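Participant: This is my_file_30.txt (compact mmCIF, C-alpha atoms).
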# COMPACT_ATOMS: atom_id res chain seq x y z
CA MET A 294 0.00 0.00 0.00
CA PHE A 295 0.95 3.63 -0.48
CA ARG A 296 -0.75 6.87 0.55
CA ILE A 297 -2.59 9.18 -1.83
CA GLY A 298 -3.15 12.73 -0.67
CA ILE A 299 -5.45 15.16 -2.48
CA ASP A 300 -5.58 18.91 -1.94
CA LEU A 301 -9.01 20.05 -3.11
CA GLY A 302 -8.56 23.76 -3.75
CA GLY A 303 -10.79 26.40 -5.24
CA THR A 304 -8.83 26.64 -8.48
CA LYS A 305 -6.83 23.39 -8.66
CA ILE A 306 -6.87 19.84 -7.39
CA GLU A 307 -3.48 18.34 -6.58
CA LEU A 308 -2.71 14.66 -5.99
CA LEU A 309 0.44 13.38 -4.32
CA ALA A 310 1.38 9.72 -3.73
CA LEU A 311 3.74 9.02 -0.83
CA GLY A 312 5.70 5.88 -0.06
CA ASN A 313 6.09 4.39 3.40
CA GLU A 314 8.95 6.72 4.33
CA GLY A 315 7.27 9.84 2.97
CA GLU A 316 9.04 9.76 -0.38
CA VAL A 317 7.14 11.25 -3.31
CA LEU A 318 6.12 8.59 -5.82
CA LEU A 319 3.95 10.67 -8.12
CA ARG A 320 2.36 14.11 -8.39
CA ARG A 321 -0.56 15.18 -10.58
CA ARG A 322 -2.89 18.17 -10.74
CA CYS A 323 -5.87 19.46 -12.67
CA ALA A 324 -8.15 22.48 -12.66
CA THR A 325 -11.08 22.43 -10.24
CA PRO A 326 -14.41 22.39 -12.11
CA GLN A 327 -15.79 25.73 -10.97
CA GLY A 328 -19.11 25.50 -9.13
CA ASP A 329 -19.64 21.92 -10.31
CA TYR A 330 -19.91 19.38 -7.50
CA HIS A 331 -20.37 16.31 -9.67
CA GLY A 332 -17.62 17.51 -12.01
CA THR A 333 -15.36 17.83 -8.98
CA LEU A 334 -16.13 14.24 -7.99
CA ARG A 335 -15.29 13.03 -11.50
CA ALA A 336 -12.03 14.99 -11.45
CA LEU A 337 -11.05 13.46 -8.10
CA GLY A 338 -11.88 9.97 -9.30
CA GLY A 339 -9.95 10.48 -12.52
CA LEU A 340 -6.81 11.63 -10.68
CA VAL A 341 -6.89 8.62 -8.34
CA GLU A 342 -7.51 6.16 -11.17
CA ALA A 343 -4.69 7.58 -13.29
CA ALA A 344 -2.24 7.54 -10.36
CA GLU A 345 -3.02 3.95 -9.50
CA GLN A 346 -2.63 2.87 -13.11
CA VAL A 347 0.86 4.40 -13.18
CA LEU A 348 1.88 2.90 -9.83
CA GLY A 349 0.26 -0.45 -10.48
CA ARG A 350 -1.58 -0.80 -7.18
CA LYS A 351 -4.21 0.78 -4.96
CA GLY A 352 -3.46 3.28 -2.22
CA THR A 353 -5.21 4.82 0.74
CA VAL A 354 -6.89 8.15 0.00
CA GLY A 355 -6.93 11.26 2.18
CA VAL A 356 -8.45 14.57 1.09
CA GLY A 357 -7.76 18.05 2.40
CA MET A 358 -10.45 20.59 1.63
CA PRO A 359 -11.74 24.00 2.60
CA GLY A 360 -14.39 23.74 5.30
CA ALA A 361 -15.27 20.75 7.45
CA GLU A 362 -17.72 17.88 7.81
CA SER A 363 -20.73 18.69 9.94
CA ALA A 364 -20.98 16.63 13.12
CA ALA A 365 -24.69 16.36 12.31
CA GLY A 366 -24.87 14.14 9.24
CA GLY A 367 -21.39 14.53 7.79
CA ARG A 368 -22.23 17.03 5.08
CA ILE A 369 -19.70 19.73 4.25
CA LYS A 370 -19.98 23.11 5.96
CA ASN A 371 -17.99 26.36 5.99
CA ALA A 372 -16.32 25.73 2.60
CA ASN A 373 -15.45 28.77 0.51
CA SER A 374 -15.82 26.43 -2.49
CA THR A 375 -19.54 26.78 -2.01
CA CYS A 376 -20.58 23.92 -4.31
CA LEU A 377 -19.28 21.54 -1.61
CA ASN A 378 -21.49 22.93 1.15
CA GLY A 379 -24.36 20.66 2.13
CA ARG A 380 -22.94 17.75 0.13
CA PRO A 381 -22.02 14.30 1.51
CA LEU A 382 -18.52 14.48 0.04
CA ARG A 383 -17.03 11.59 2.01
CA ASP A 384 -19.90 9.22 1.21
CA ASP A 385 -19.85 10.14 -2.46
CA LEU A 386 -16.09 9.68 -2.74
CA GLN A 387 -16.19 6.35 -0.94
CA ALA A 388 -18.90 5.12 -3.31
CA LEU A 389 -16.92 6.36 -6.32
CA LEU A 390 -13.54 4.94 -5.22
CA GLN A 391 -14.88 1.82 -3.50
CA ARG A 392 -12.83 2.27 -0.33
CA GLU A 393 -12.67 4.28 2.89
CA VAL A 394 -11.70 7.93 2.38
CA ARG A 395 -10.48 10.26 5.12
CA LEU A 396 -11.26 13.97 4.96
CA ALA A 397 -9.84 16.90 6.90
CA ASN A 398 -9.77 20.66 6.73
CA ASP A 399 -6.84 21.93 4.66
CA ALA A 400 -5.31 23.77 7.63
CA ASN A 401 -5.42 20.53 9.63
CA CYS A 402 -3.60 18.80 6.77
CA PHE A 403 -0.96 21.53 6.75
CA ALA A 404 -0.43 21.12 10.49
CA LEU A 405 -0.26 17.32 10.22
CA SER A 406 2.35 17.43 7.46
CA GLU A 407 4.57 19.76 9.47
CA ALA A 408 4.07 17.69 12.64
CA ILE A 409 5.11 14.41 11.01
CA ASP A 410 8.24 15.38 9.09
CA GLY A 411 8.38 19.16 8.99
CA ALA A 412 8.97 22.06 11.36
CA GLY A 413 7.13 20.35 14.21
CA LYS A 414 8.72 16.92 13.87
CA ASP A 415 9.15 15.14 17.22
CA THR A 416 6.88 17.72 18.95
CA GLU A 417 3.85 16.44 20.86
CA VAL A 418 1.53 19.41 20.26
CA VAL A 419 1.75 21.47 17.04
CA PHE A 420 -0.44 24.39 16.02
CA GLY A 421 -0.37 25.10 12.29
CA VAL A 422 -1.36 28.54 11.01
CA ILE A 423 -2.26 29.53 7.46
CA LEU A 424 -1.71 33.25 6.76
CA GLY A 425 -2.86 33.83 3.20
CA THR A 426 -5.98 35.01 1.43
CA GLY A 427 -7.72 33.71 4.53
CA VAL A 428 -6.51 32.69 7.98
CA GLY A 429 -6.84 29.15 9.29
CA GLY A 430 -5.45 26.92 11.99
CA GLY A 431 -5.01 23.24 12.74
CA ILE A 432 -4.09 21.26 15.85
CA VAL A 433 -2.04 18.07 15.88
CA VAL A 434 -1.45 16.06 19.06
CA GLY A 435 0.79 13.01 18.97
CA GLN A 436 0.88 13.18 15.14
CA ARG A 437 -2.92 12.94 14.97
CA VAL A 438 -5.27 15.71 13.87
CA LEU A 439 -7.49 16.99 16.65
CA ALA A 440 -10.84 17.61 14.95
CA GLY A 441 -12.94 18.28 18.05
CA VAL A 442 -16.47 17.25 18.95
CA ASN A 443 -17.91 19.98 16.68
CA HIS A 444 -15.26 19.41 13.98
CA ILE A 445 -14.00 23.00 14.34
CA ALA A 446 -10.83 22.57 16.46
CA GLY A 447 -8.21 25.06 15.33
CA GLU A 448 -10.68 27.55 13.79
CA TRP A 449 -8.48 30.34 15.07
CA GLY A 450 -9.22 32.76 12.23
CA HIS A 451 -12.81 33.30 13.34
CA ASN A 452 -12.10 34.30 16.91
CA PRO A 453 -12.05 38.02 17.67
CA LEU A 454 -8.69 39.72 17.83
CA PRO A 455 -7.87 40.61 21.46
CA LEU A 456 -8.52 44.25 22.38
CA PRO A 457 -7.74 47.01 23.33
CA GLY A 458 -5.20 48.91 21.29
CA GLU A 459 -5.35 50.72 17.99
CA GLU A 460 -7.98 48.11 17.06
CA THR A 461 -10.57 49.97 19.15
CA LEU A 462 -11.68 51.58 15.90
CA PRO A 463 -14.83 49.94 14.53
CA PRO A 464 -13.58 46.46 13.64
CA PRO A 465 -13.82 45.29 10.02
CA ARG A 466 -16.64 43.01 8.99
CA CYS A 467 -15.81 39.40 8.17
CA TYR A 468 -17.44 37.33 5.43
CA CYS A 469 -18.66 34.95 8.16
CA GLY A 470 -21.05 37.67 9.40
CA ARG A 471 -19.08 38.66 12.50
CA SER A 472 -16.83 41.66 13.05
CA GLY A 473 -13.20 41.85 14.08
CA CYS A 474 -12.25 38.24 13.37
CA VAL A 475 -8.53 37.45 13.41
CA GLU A 476 -8.83 36.79 9.67
CA THR A 477 -9.93 40.37 8.95
CA TRP A 478 -6.70 41.68 10.52
CA LEU A 479 -4.11 39.03 9.67
CA SER A 480 -4.96 37.76 6.17
CA GLY A 481 -3.17 39.20 3.15
CA PRO A 482 -6.21 41.29 2.17
CA GLY A 483 -6.53 42.32 5.83
CA LEU A 484 -2.97 43.63 5.85
CA GLY A 485 -3.62 45.65 2.70
CA ALA A 486 -6.91 47.02 4.07
CA ASP A 487 -5.20 48.08 7.30
CA HIS A 488 -2.54 49.97 5.35
CA LEU A 489 -5.26 51.78 3.39
CA ARG A 490 -7.24 52.60 6.56
CA HIS A 491 -4.20 54.31 8.04
CA GLY A 492 -3.75 56.60 5.07
CA GLY A 493 -1.54 54.47 2.88
CA GLU A 494 -1.90 53.52 -0.75
CA ALA A 495 -3.82 50.52 -2.02
CA LEU A 496 -0.99 47.96 -1.83
CA GLY A 497 -0.74 44.20 -1.52
CA ALA A 498 1.19 42.46 1.23
CA GLU A 499 4.29 41.85 -0.89
CA ALA A 500 4.53 45.50 -1.94
CA ILE A 501 4.10 46.65 1.66
CA CYS A 502 6.97 44.41 2.78
CA THR A 503 9.21 45.54 -0.08
CA ARG A 504 8.60 49.21 0.62
CA ALA A 505 9.09 48.76 4.37
CA SER A 506 12.49 47.17 3.67
CA ALA A 507 13.37 50.19 1.52
CA GLY A 508 12.59 52.63 4.36
CA ASP A 509 8.95 53.57 3.67
CA GLN A 510 7.74 54.56 7.15
CA ALA A 511 4.01 54.14 6.43
CA CYS A 512 4.63 50.55 5.31
CA GLU A 513 6.94 49.97 8.27
CA GLN A 514 4.21 51.07 10.69
CA THR A 515 1.70 48.80 8.94
CA LEU A 516 4.00 45.81 9.45
CA ARG A 517 4.56 46.72 13.09
CA ARG A 518 0.81 46.79 13.67
CA TYR A 519 0.58 43.42 11.94
CA GLU A 520 3.29 41.96 14.17
CA ARG A 521 1.59 43.21 17.35
CA ARG A 522 -1.74 41.76 16.28
CA LEU A 523 -0.25 38.41 15.30
CA ALA A 524 1.57 38.25 18.63
CA LYS A 525 -1.62 38.95 20.59
CA ALA A 526 -3.64 36.46 18.62
CA LEU A 527 -1.04 33.69 18.98
CA ALA A 528 -0.58 34.42 22.68
CA GLN A 529 -4.20 33.30 23.14
CA VAL A 530 -3.34 30.00 21.46
CA VAL A 531 -0.32 29.51 23.72
CA ASN A 532 -2.37 30.28 26.84
CA ILE A 533 -5.04 27.71 25.91
CA LEU A 534 -3.20 25.00 23.97
CA ASP A 535 0.43 25.46 25.09
CA PRO A 536 1.93 23.96 21.90
CA GLY A 537 5.60 23.13 21.52
CA VAL A 538 5.69 24.60 18.02
CA ILE A 539 3.55 27.08 16.10
CA VAL A 540 4.34 26.73 12.41
CA LEU A 541 3.34 29.36 9.87
CA GLY A 542 2.21 28.68 6.31
CA GLY A 543 0.61 30.67 3.52
CA GLY A 544 2.05 33.61 1.64
CA LEU A 545 2.60 35.83 4.68
CA SER A 546 4.71 33.15 6.36
CA ASN A 547 7.50 34.34 4.05
CA ILE A 548 7.84 37.63 5.99
CA GLU A 549 11.14 36.84 7.67
CA ARG A 550 10.87 39.48 10.39
CA LEU A 551 7.83 37.78 11.95
CA TYR A 552 9.96 35.00 13.43
CA ASP A 553 11.95 37.47 15.54
CA ALA A 554 9.33 40.11 16.29
CA VAL A 555 6.32 37.98 17.20
CA PRO A 556 7.96 35.82 19.95
CA ARG A 557 9.45 38.99 21.40
CA LEU A 558 6.04 40.67 21.47
CA TRP A 559 3.87 37.75 22.57
CA ALA A 560 5.68 37.42 25.90
CA ALA A 561 3.64 40.28 27.38
CA ALA A 562 0.38 38.39 26.79
CA ILE A 563 1.42 34.82 27.67
CA PHE A 564 0.61 33.72 31.23
CA SER A 565 3.92 32.06 32.06
CA ASP A 566 7.32 32.95 33.46
CA THR A 567 9.00 30.84 30.77
CA ILE A 568 7.98 30.50 27.13
CA ARG A 569 9.35 27.47 25.31
CA THR A 570 6.91 27.57 22.40
CA ARG A 571 8.80 28.05 19.13
CA LEU A 572 7.47 30.02 16.16
CA MET A 573 8.75 28.40 12.97
CA ARG A 574 8.44 28.66 9.21
CA ASN A 575 7.03 25.61 7.43
CA VAL A 576 9.40 23.09 5.86
CA HIS A 577 7.23 21.72 3.04
CA GLY A 578 5.86 24.99 1.65
CA ASP A 579 2.97 24.69 -0.79
CA SER A 580 3.21 20.89 -0.58
CA SER A 581 2.30 20.74 3.11
CA GLY A 582 -1.45 20.53 2.54
CA VAL A 583 -1.37 17.66 0.06
CA ARG A 584 1.29 15.81 2.08
CA GLY A 585 -0.87 16.15 5.19
CA ALA A 586 -3.86 14.74 3.33
CA ALA A 587 -1.79 11.63 2.52
CA TRP A 588 -0.61 11.41 6.15
CA LEU A 589 -4.24 11.22 7.37
CA TRP A 590 -3.42 7.51 7.02
CA ASN A 591 -0.37 7.70 9.30
CA ASP A 592 -1.65 4.79 11.40
CA ARG A 593 -0.69 2.27 8.71
Starting from the coordinates I provided, produce the structure as structure tokens.
Facilitator:
Amino acid sequence: MFRIGIDLGGTKIELLALGNEGEVLLRRRCATPQGDYHGTLRALGGLVEAAEQVLGRKGTVGVGMPGAESAAGGRIKNANSTCLNGRPLRDDLQALLQREVRLANDANCFALSEAIDGAGKDTEVVFGVILGTGVGGGIVVGQRVLAGVNHIAGEWGHNPLPLPGEETLPPPRCYCGRSGCVETWLSGPGLGADHLRHGGEALGAEAICTRASAGDQACEQTLRRYERRLAKALAQVVNILDPGVIVLGGGLSNIERLYDAVPRLWAAAIFSDTIRTRLMRNVHGDSSGVRGAAWLWNDR
């Protein structure tokens, strides 16, 4: 047997086959059929069938996806790929592939990948953070994903950012219907919106970082606000979960200064005289999600 991992994204579907030691046997991808649930199922089935024909045997299948399975009936909820919502994705895939399929939120898959053979290797409790277009989180304990009784463990991005501070201005609205969610402050679009709110130009995260490095003081202040907010938000995680490693993923994880500034700043909000939690950059980059989907079968 070998492990097949699938990263079901909004624009592409990626398949990765891993051997017993985590070696990559095969990688394939295709475009996600936009807004087409049954087309998405066919695409998933086609990728698995083609991979198994090449490798000459069947593998286990794990799928990372946006959203989660509802604890009431197993249908998908909270997916930004809205054609998945309300659908019995696991049941349909199992019927299509004629085997058990394991599903997990994509942030959980990222955290699992980094816990098994990435930045959190040999660490009992790992919290994985996605800082990108959105903000997500995943919890891994003993190299197993912690899903939670409501299947929402790690949904860090939809907690309110701790106050007070400069955030006492009316907090931004989140797509989830609430206001002031961590995601509205710490996502890439959130960083750009904050810069604009404080009188800056309409810039993306990469441009803000580049200009800050070149001495632009408005961009520098935007990044300092971002660092303070990330430190406060992660301090809550440390106070509740007390992980050995917090590993960052997503586009904003490439901001090198975060790994020095945030641990220095979070100390003021962590309820401990010693802080051994490490903030680390991911090891597997964009492959972490699909690798983690394969490792959902790490009990074999």
Participant: Take CA of Gly411 (chain A) and CA of Val576 (chain A) and report the distance between them in Å, one decimal.
Facilitator: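 Computing the Euclidean distance for CA of Gly411 (chain A) and CA of Val576 (chain A) yields 5.1 Å.
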Participant: Which residue, A:Gly430, A:Gly481, A:Gly537, A:Pro453, has the smallest gap to Lys414 (chain A) when you use all atoms listed in the file?
Facilitator: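 Smallest separation from Lys414 (chain A) among the options: A:Gly537.
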Participant: Counting all atoms listed in the file, figure out which residue out of A:Ile297, A:Ala397, A:Leu424, A:Ala528 gets nearest to Leu382 (chain A).
Facilitator: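 With all atoms listed in the file as the atom set, the closest residue is A:Ala397.
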Participant: Need the shell around Arg321 (chain A): protein/DNA/RNA residues with any atom at most 8 Å away, counting all atoms listed in the file. Skip same-chain ones fewer than 2 positions apart. Format as an NGL selection string?
Facilitator: :A and (307-309 or 319 or 323 or 340 or 344)
Participant: With 8 Å as the threshold, what does the neighbourhood of (-2.3, 14.3, 23.5) contain in terms of residues, counting all atoms listed in the file? Coordinates are those of the file; answer as a ChimeraX atom specification.
Facilitator: /A:417-418,434-435
